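One structure is given below, encoded as structure tokens.
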Amino acid sequence: MEHLGRSGLLDDKVVLVNGGSQGVGAAIARAAVREGAVVAVTGRRAQPGEALVAELAAGGGKALFVRADLADAEQAKGAVAEVVAAYGRIDCLVNSAGLTSRGTLLDTTPELFDQHIAINLKAPFFAMQATVADMVGRGAPGTIVNIITSSAHGGQPFLAPYVAAKAGLIGLTRNAAHAHRFDRVRINGLNIGWTATEGEDATQKTFHGAGDDWREEAAAKLPMGKLGQPDEIADFVVFLLSDRSGVVTGSVIDWDQNVLGGLD
């Protein structure tokens, strides 16, 4: 995939990407390293996380894998503490971890609902809490980007608990941005649309009986002729993390090819 050339947007920044071992998170980690950052990524499984860190190191990047189950708030906070212990500070946080298992209003169990809240809302809340505490404690500016979803505007019937949690993350993004604007901590969100990731491949095959050619079939029906691409999202996230995005904070940006409110 084409991407922005290196411009040093994140030179010497310490960046934590939660859910960074694959998919959009991994693409963000690669882009951040390319732009000069020291990057830490979290994930539940050691193999993909350690493989990504090895890949980044082989390319001359500096990276750390932190194994964590973000559904546990203490582990979400602990991942931030581990980054601060390793590098002395945290400058940027990306909350990219997400649970997309299906459930409607009528068939969602309390257990499934709690899982969505834990990963899609509670984990970002406490990761942000620990990150902002480090920034405020040092009297230093910082940036946070929350990866949300265009489905948070309403979404499909089979995404009820996912939408509920992600809509909460929109509110949290704006609330925290307002609360810490005078601390110079900028917090923004990205409502991404249908994206070509490993996780989406598994979801399509598990829940929708899709074949190996589902990406091509989906792309043919989309306005731009393709699904959202992780590396393109990553370039946008790096820009939001960087000083080049200026004063913007509290913005939740729709990054999709479907226009909200547009009707045929």
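So you can find residues: chains in the structure tokens are A, B, ... in the order shown, residues in each start at 1, and ligands are numbered from 1 in order.
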
DSSP alpha helix (DSSP H) residues within region 12-261 of chain A, as a PyMOL selection string:
chain A and resi 23-34+46-58+73-87+110-117+123-138+160-179+198-208+214-220+230-241

Do a neighbour search on Ala58 (chain A) at 12 Å with only C-alpha atoms, toss out local chain neighbours closer than 5 positions, and write the hits as a list in words.
Arg30, Val33, Ala51, Leu52, Val53 and Ala63 of chain A

With only C-alpha atoms as the counted atoms, please give the residues lying no more than 9 Å from Arg89 (chain A), apart from itself and same-chain residues fewer than 2 positions off, as an MDAnalysis selection string.
chainID A and resid 14 81 83:87 91 131 134:135 138

Write out as an mmCIF file with N, CA and C atoms, in the first residue's frame each polymer residue whose atoms come within 7 Å of region 167-176 of chain A, counting only C-alpha atoms; drop sequence neighbours fewer than 6 positions from it.
```cif
data_model
loop_
_atom_site.group_PDB
_atom_site.id
_atom_site.type_symbol
_atom_site.label_atom_id
_atom_site.label_comp_id
_atom_site.auth_asym_id
_atom_site.auth_seq_id
_atom_site.Cartn_x
_atom_site.Cartn_y
_atom_site.Cartn_z
ATOM 1 N N LEU A 121 -15.099 0.211 26.122
ATOM 2 C CA LEU A 121 -15.309 1.448 26.871
ATOM 3 C C LEU A 121 -14.489 1.530 28.151
ATOM 4 N N ALA A 152 -21.270 3.758 15.592
ATOM 5 C CA ALA A 152 -21.694 4.411 16.833
ATOM 6 C C ALA A 152 -22.834 5.397 16.595
ATOM 7 N N ILE A 187 -7.309 15.197 22.859
ATOM 8 C CA ILE A 187 -7.941 13.877 22.769
ATOM 9 C C ILE A 187 -8.978 13.919 21.652
ATOM 10 N N ASN A 188 -8.789 13.050 20.663
ATOM 11 C CA ASN A 188 -9.691 13.002 19.519
ATOM 12 C C ASN A 188 -10.085 11.557 19.220
ATOM 13 N N GLY A 189 -11.124 11.395 18.420
ATOM 14 C CA GLY A 189 -11.595 10.062 18.051
ATOM 15 C C GLY A 189 -11.765 9.931 16.562
ATOM 16 N N GLY A 250 -11.115 17.116 21.095
ATOM 17 C CA GLY A 250 -12.539 16.857 21.278
ATOM 18 C C GLY A 250 -13.279 16.571 19.991
ATOM 19 N N VAL A 252 -14.486 14.145 16.967
ATOM 20 C CA VAL A 252 -14.722 12.754 16.601
ATOM 21 C C VAL A 252 -15.010 12.769 15.109
#
```

Show which residues sit within 9 Å of region 36-42 of chain A, as a PDB file with N, CA, C and O atoms, in the first residue's frame. Count only C-alpha atoms, and ignore same-chain residues fewer than 4 positions away.
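What ended up in out08.pdb:
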```pdb
ATOM      1  N   ARG A   6       8.315   9.346   5.167  1.00  0.00           N
ATOM      2  CA  ARG A   6       8.716   9.725   6.509  1.00  0.00           C
ATOM      3  C   ARG A   6       8.933  11.225   6.597  1.00  0.00           C
ATOM      4  O   ARG A   6       9.604  11.827   5.777  1.00  0.00           O
ATOM      5  N   SER A   7       8.318  11.844   7.601  1.00  0.00           N
ATOM      6  CA  SER A   7       8.497  13.277   7.808  1.00  0.00           C
ATOM      7  C   SER A   7       8.811  13.622   9.256  1.00  0.00           C
ATOM      8  O   SER A   7       8.833  14.782   9.628  1.00  0.00           O
ATOM      9  N   GLY A   8       9.060  12.586  10.073  1.00  0.00           N
ATOM     10  CA  GLY A   8       9.452  12.845  11.456  1.00  0.00           C
ATOM     11  C   GLY A   8       8.352  13.418  12.318  1.00  0.00           C
ATOM     12  O   GLY A   8       8.630  14.113  13.308  1.00  0.00           O
ATOM     13  N   LEU A   9       7.096  13.117  12.003  1.00  0.00           N
ATOM     14  CA  LEU A   9       5.981  13.692  12.749  1.00  0.00           C
ATOM     15  C   LEU A   9       5.999  13.320  14.220  1.00  0.00           C
ATOM     16  O   LEU A   9       5.502  14.075  15.062  1.00  0.00           O
ATOM     17  N   LEU A  10       6.558  12.154  14.551  1.00  0.00           N
ATOM     18  CA  LEU A  10       6.543  11.689  15.938  1.00  0.00           C
ATOM     19  C   LEU A  10       7.951  11.446  16.468  1.00  0.00           C
ATOM     20  O   LEU A  10       8.154  10.612  17.356  1.00  0.00           O
ATOM     21  N   ASP A  11       8.922  12.176  15.963  1.00  0.00           N
ATOM     22  CA  ASP A  11      10.303  12.002  16.423  1.00  0.00           C
ATOM     23  C   ASP A  11      10.394  12.068  17.944  1.00  0.00           C
ATOM     24  O   ASP A  11       9.910  13.025  18.572  1.00  0.00           O
ATOM     25  N   ASP A  12      10.985  11.029  18.528  1.00  0.00           N
ATOM     26  CA  ASP A  12      11.279  10.966  19.965  1.00  0.00           C
ATOM     27  C   ASP A  12      10.032  10.907  20.849  1.00  0.00           C
ATOM     28  O   ASP A  12      10.135  11.086  22.069  1.00  0.00           O
ATOM     29  N   LYS A  13       8.885  10.638  20.288  1.00  0.00           N
ATOM     30  CA  LYS A  13       7.673  10.479  21.091  1.00  0.00           C
ATOM     31  C   LYS A  13       7.557   9.028  21.557  1.00  0.00           C
ATOM     32  O   LYS A  13       7.956   8.100  20.855  1.00  0.00           O
ATOM     33  N   VAL A  14       7.015   8.857  22.751  1.00  0.00           N
ATOM     34  CA  VAL A  14       6.719   7.520  23.279  1.00  0.00           C
ATOM     35  C   VAL A  14       5.228   7.277  23.077  1.00  0.00           C
ATOM     36  O   VAL A  14       4.390   7.993  23.628  1.00  0.00           O
ATOM     37  N   VAL A  15       4.917   6.255  22.275  1.00  0.00           N
ATOM     38  CA  VAL A  15       3.538   5.997  21.861  1.00  0.00           C
ATOM     39  C   VAL A  15       3.111   4.598  22.314  1.00  0.00           C
ATOM     40  O   VAL A  15       3.805   3.619  22.053  1.00  0.00           O
ATOM     41  N   LEU A  16       1.976   4.520  22.979  1.00  0.00           N
ATOM     42  CA  LEU A  16       1.384   3.236  23.339  1.00  0.00           C
ATOM     43  C   LEU A  16       0.169   2.987  22.453  1.00  0.00           C
ATOM     44  O   LEU A  16      -0.735   3.833  22.381  1.00  0.00           O
ATOM     45  N   VAL A  17       0.159   1.842  21.780  1.00  0.00           N
ATOM     46  CA  VAL A  17      -0.981   1.451  20.959  1.00  0.00           C
ATOM     47  C   VAL A  17      -1.644   0.245  21.611  1.00  0.00           C
ATOM     48  O   VAL A  17      -1.108  -0.868  21.580  1.00  0.00           O
ATOM     49  N   ASN A  18      -2.797   0.459  22.210  1.00  0.00           N
ATOM     50  CA  ASN A  18      -3.547  -0.648  22.800  1.00  0.00           C
ATOM     51  C   ASN A  18      -4.247  -1.424  21.697  1.00  0.00           C
ATOM     52  O   ASN A  18      -4.864  -0.836  20.801  1.00  0.00           O
ATOM     53  N   GLY A  19      -4.158  -2.757  21.764  1.00  0.00           N
ATOM     54  CA  GLY A  19      -4.673  -3.580  20.686  1.00  0.00           C
ATOM     55  C   GLY A  19      -3.810  -3.422  19.448  1.00  0.00           C
ATOM     56  O   GLY A  19      -4.307  -3.393  18.326  1.00  0.00           O
ATOM     57  N   GLY A  20      -2.516  -3.337  19.664  1.00  0.00           N
ATOM     58  CA  GLY A  20      -1.604  -2.987  18.583  1.00  0.00           C
ATOM     59  C   GLY A  20      -0.905  -4.140  17.916  1.00  0.00           C
ATOM     60  O   GLY A  20      -0.024  -3.921  17.079  1.00  0.00           O
ATOM     61  N   SER A  21      -1.251  -5.376  18.247  1.00  0.00           N
ATOM     62  CA  SER A  21      -0.489  -6.500  17.697  1.00  0.00           C
ATOM     63  C   SER A  21      -0.967  -6.943  16.324  1.00  0.00           C
ATOM     64  O   SER A  21      -0.280  -7.705  15.642  1.00  0.00           O
ATOM     65  N   GLY A  25      -4.398  -1.487  14.694  1.00  0.00           N
ATOM     66  CA  GLY A  25      -3.408  -1.151  15.717  1.00  0.00           C
ATOM     67  C   GLY A  25      -1.991  -1.410  15.255  1.00  0.00           C
ATOM     68  O   GLY A  25      -1.092  -0.581  15.470  1.00  0.00           O
ATOM     69  N   ALA A  26      -1.765  -2.537  14.613  1.00  0.00           N
ATOM     70  CA  ALA A  26      -0.427  -2.855  14.104  1.00  0.00           C
ATOM     71  C   ALA A  26      -0.013  -1.869  13.021  1.00  0.00           C
ATOM     72  O   ALA A  26       1.152  -1.451  12.953  1.00  0.00           O
ATOM     73  N   ALA A  29       1.082   1.216  14.737  1.00  0.00           N
ATOM     74  CA  ALA A  29       2.410   1.024  15.323  1.00  0.00           C
ATOM     75  C   ALA A  29       3.499   1.164  14.262  1.00  0.00           C
ATOM     76  O   ALA A  29       4.530   1.820  14.485  1.00  0.00           O
ATOM     77  N   ARG A  30       3.289   0.560  13.097  1.00  0.00           N
ATOM     78  CA  ARG A  30       4.280   0.656  12.012  1.00  0.00           C
ATOM     79  C   ARG A  30       4.452   2.105  11.565  1.00  0.00           C
ATOM     80  O   ARG A  30       5.571   2.577  11.349  1.00  0.00           O
ATOM     81  N   ALA A  31       3.332   2.803  11.408  1.00  0.00           N
ATOM     82  CA  ALA A  31       3.402   4.190  10.954  1.00  0.00           C
ATOM     83  C   ALA A  31       4.080   5.080  11.996  1.00  0.00           C
ATOM     84  O   ALA A  31       4.851   5.978  11.647  1.00  0.00           O
ATOM     85  N   ALA A  32       3.806   4.836  13.275  1.00  0.00           N
ATOM     86  CA  ALA A  32       4.416   5.638  14.328  1.00  0.00           C
ATOM     87  C   ALA A  32       5.927   5.435  14.379  1.00  0.00           C
ATOM     88  O   ALA A  32       6.696   6.393  14.533  1.00  0.00           O
ATOM     89  N   GLY A  49       2.156 -10.253  19.048  1.00  0.00           N
ATOM     90  CA  GLY A  49       2.770  -9.051  19.603  1.00  0.00           C
ATOM     91  C   GLY A  49       4.282  -9.083  19.494  1.00  0.00           C
ATOM     92  O   GLY A  49       4.922  -8.097  19.080  1.00  0.00           O
ATOM     93  N   LEU A  52       5.413  -8.697  15.838  1.00  0.00           N
ATOM     94  CA  LEU A  52       5.377  -7.322  15.361  1.00  0.00           C
ATOM     95  C   LEU A  52       6.558  -6.528  15.893  1.00  0.00           C
ATOM     96  O   LEU A  52       7.211  -5.780  15.148  1.00  0.00           O
ATOM     97  N   VAL A  53       6.863  -6.688  17.169  1.00  0.00           N
ATOM     98  CA  VAL A  53       7.997  -5.976  17.767  1.00  0.00           C
ATOM     99  C   VAL A  53       9.300  -6.383  17.079  1.00  0.00           C
ATOM    100  O   VAL A  53      10.163  -5.542  16.798  1.00  0.00           O
ATOM    101  N   GLY A  61      13.499   0.113  14.179  1.00  0.00           N
ATOM    102  CA  GLY A  61      12.621   0.793  15.117  1.00  0.00           C
ATOM    103  C   GLY A  61      12.831   0.321  16.552  1.00  0.00           C
ATOM    104  O   GLY A  61      13.434  -0.727  16.801  1.00  0.00           O
ATOM    105  N   LYS A  62      12.324   1.104  17.484  1.00  0.00           N
ATOM    106  CA  LYS A  62      12.407   0.760  18.895  1.00  0.00           C
ATOM    107  C   LYS A  62      11.003   0.459  19.376  1.00  0.00           C
ATOM    108  O   LYS A  62      10.121   1.328  19.319  1.00  0.00           O
ATOM    109  N   ALA A  63      10.773  -0.775  19.823  1.00  0.00           N
ATOM    110  CA  ALA A  63       9.415  -1.192  20.153  1.00  0.00           C
ATOM    111  C   ALA A  63       9.410  -2.142  21.339  1.00  0.00           C
ATOM    112  O   ALA A  63      10.403  -2.815  21.623  1.00  0.00           O
ATOM    113  N   LEU A  64       8.271  -2.180  22.013  1.00  0.00           N
ATOM    114  CA  LEU A  64       8.079  -3.006  23.204  1.00  0.00           C
ATOM    115  C   LEU A  64       6.713  -3.651  23.130  1.00  0.00           C
ATOM    116  O   LEU A  64       5.728  -3.002  22.773  1.00  0.00           O
ATOM    117  N   PHE A  65       6.634  -4.947  23.447  1.00  0.00           N
ATOM    118  CA  PHE A  65       5.344  -5.617  23.552  1.00  0.00           C
ATOM    119  C   PHE A  65       4.980  -5.792  25.012  1.00  0.00           C
ATOM    120  O   PHE A  65       5.793  -6.254  25.822  1.00  0.00           O
ATOM    121  N   VAL A  66       3.763  -5.393  25.354  1.00  0.00           N
ATOM    122  CA  VAL A  66       3.242  -5.546  26.709  1.00  0.00           C
ATOM    123  C   VAL A  66       2.035  -6.475  26.636  1.00  0.00           C
ATOM    124  O   VAL A  66       1.006  -6.124  26.039  1.00  0.00           O
ATOM    125  N   ARG A  67       2.171  -7.646  27.203  1.00  0.00           N
ATOM    126  CA  ARG A  67       1.038  -8.578  27.194  1.00  0.00           C
ATOM    127  C   ARG A  67       0.020  -8.137  28.231  1.00  0.00           C
ATOM    128  O   ARG A  67       0.348  -7.970  29.421  1.00  0.00           O
ATOM    129  N   ALA A  68      -1.212  -7.931  27.788  1.00  0.00           N
ATOM    130  CA  ALA A  68      -2.245  -7.452  28.703  1.00  0.00           C
ATOM    131  C   ALA A  68      -3.621  -7.833  28.186  1.00  0.00           C
ATOM    132  O   ALA A  68      -3.872  -7.775  26.973  1.00  0.00           O
ATOM    133  N   ASP A  69      -4.494  -8.204  29.104  1.00  0.00           N
ATOM    134  CA  ASP A  69      -5.899  -8.406  28.798  1.00  0.00           C
ATOM    135  C   ASP A  69      -6.609  -7.125  29.212  1.00  0.00           C
ATOM    136  O   ASP A  69      -6.853  -6.877  30.399  1.00  0.00           O
ATOM    137  N   LEU A  70      -6.932  -6.294  28.236  1.00  0.00           N
ATOM    138  CA  LEU A  70      -7.462  -4.970  28.527  1.00  0.00           C
ATOM    139  C   LEU A  70      -8.855  -5.002  29.141  1.00  0.00           C
ATOM    140  O   LEU A  70      -9.320  -3.976  29.644  1.00  0.00           O
ATOM    141  N   ALA A  79      -0.448  -1.530  31.831  1.00  0.00           N
ATOM    142  CA  ALA A  79       0.291  -1.405  30.570  1.00  0.00           C
ATOM    143  C   ALA A  79       0.890  -0.016  30.442  1.00  0.00           C
ATOM    144  O   ALA A  79       2.038   0.151  30.001  1.00  0.00           O
ATOM    145  N   VAL A  83       4.976   1.032  30.338  1.00  0.00           N
ATOM    146  CA  VAL A  83       5.600   1.912  29.346  1.00  0.00           C
ATOM    147  C   VAL A  83       6.350   3.048  30.028  1.00  0.00           C
ATOM    148  O   VAL A  83       7.483   3.376  29.661  1.00  0.00           O
ATOM    149  N   TYR A  87      10.329   3.761  29.609  1.00  0.00           N
ATOM    150  CA  TYR A  87      10.806   4.914  28.842  1.00  0.00           C
ATOM    151  C   TYR A  87      10.736   6.240  29.591  1.00  0.00           C
ATOM    152  O   TYR A  87      11.124   7.278  29.051  1.00  0.00           O
ATOM    153  N   ALA A  97      -7.894  -1.300  20.520  1.00  0.00           N
ATOM    154  CA  ALA A  97      -8.480  -2.610  20.808  1.00  0.00           C
ATOM    155  C   ALA A  97      -9.998  -2.531  20.681  1.00  0.00           C
ATOM    156  O   ALA A  97     -10.617  -1.535  21.063  1.00  0.00           O
TER     157      ALA A  97
END
```

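The interatomic distance for the pair CA of Phe126 (chain A) and CA of Ala76 (chain A) works out to 6.3 Å.
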
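Across the model, the gap from CA of Asn95 (chain A) to CA of Asn146 (chain A) is 4.8 Å.
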
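Distance annotation: of A:Leu159, A:Val237, A:Ile144, A:Ile119, the residue with the minimal separation from Phe207 (chain A) is A:Leu159; atom set is only C-alpha atoms.
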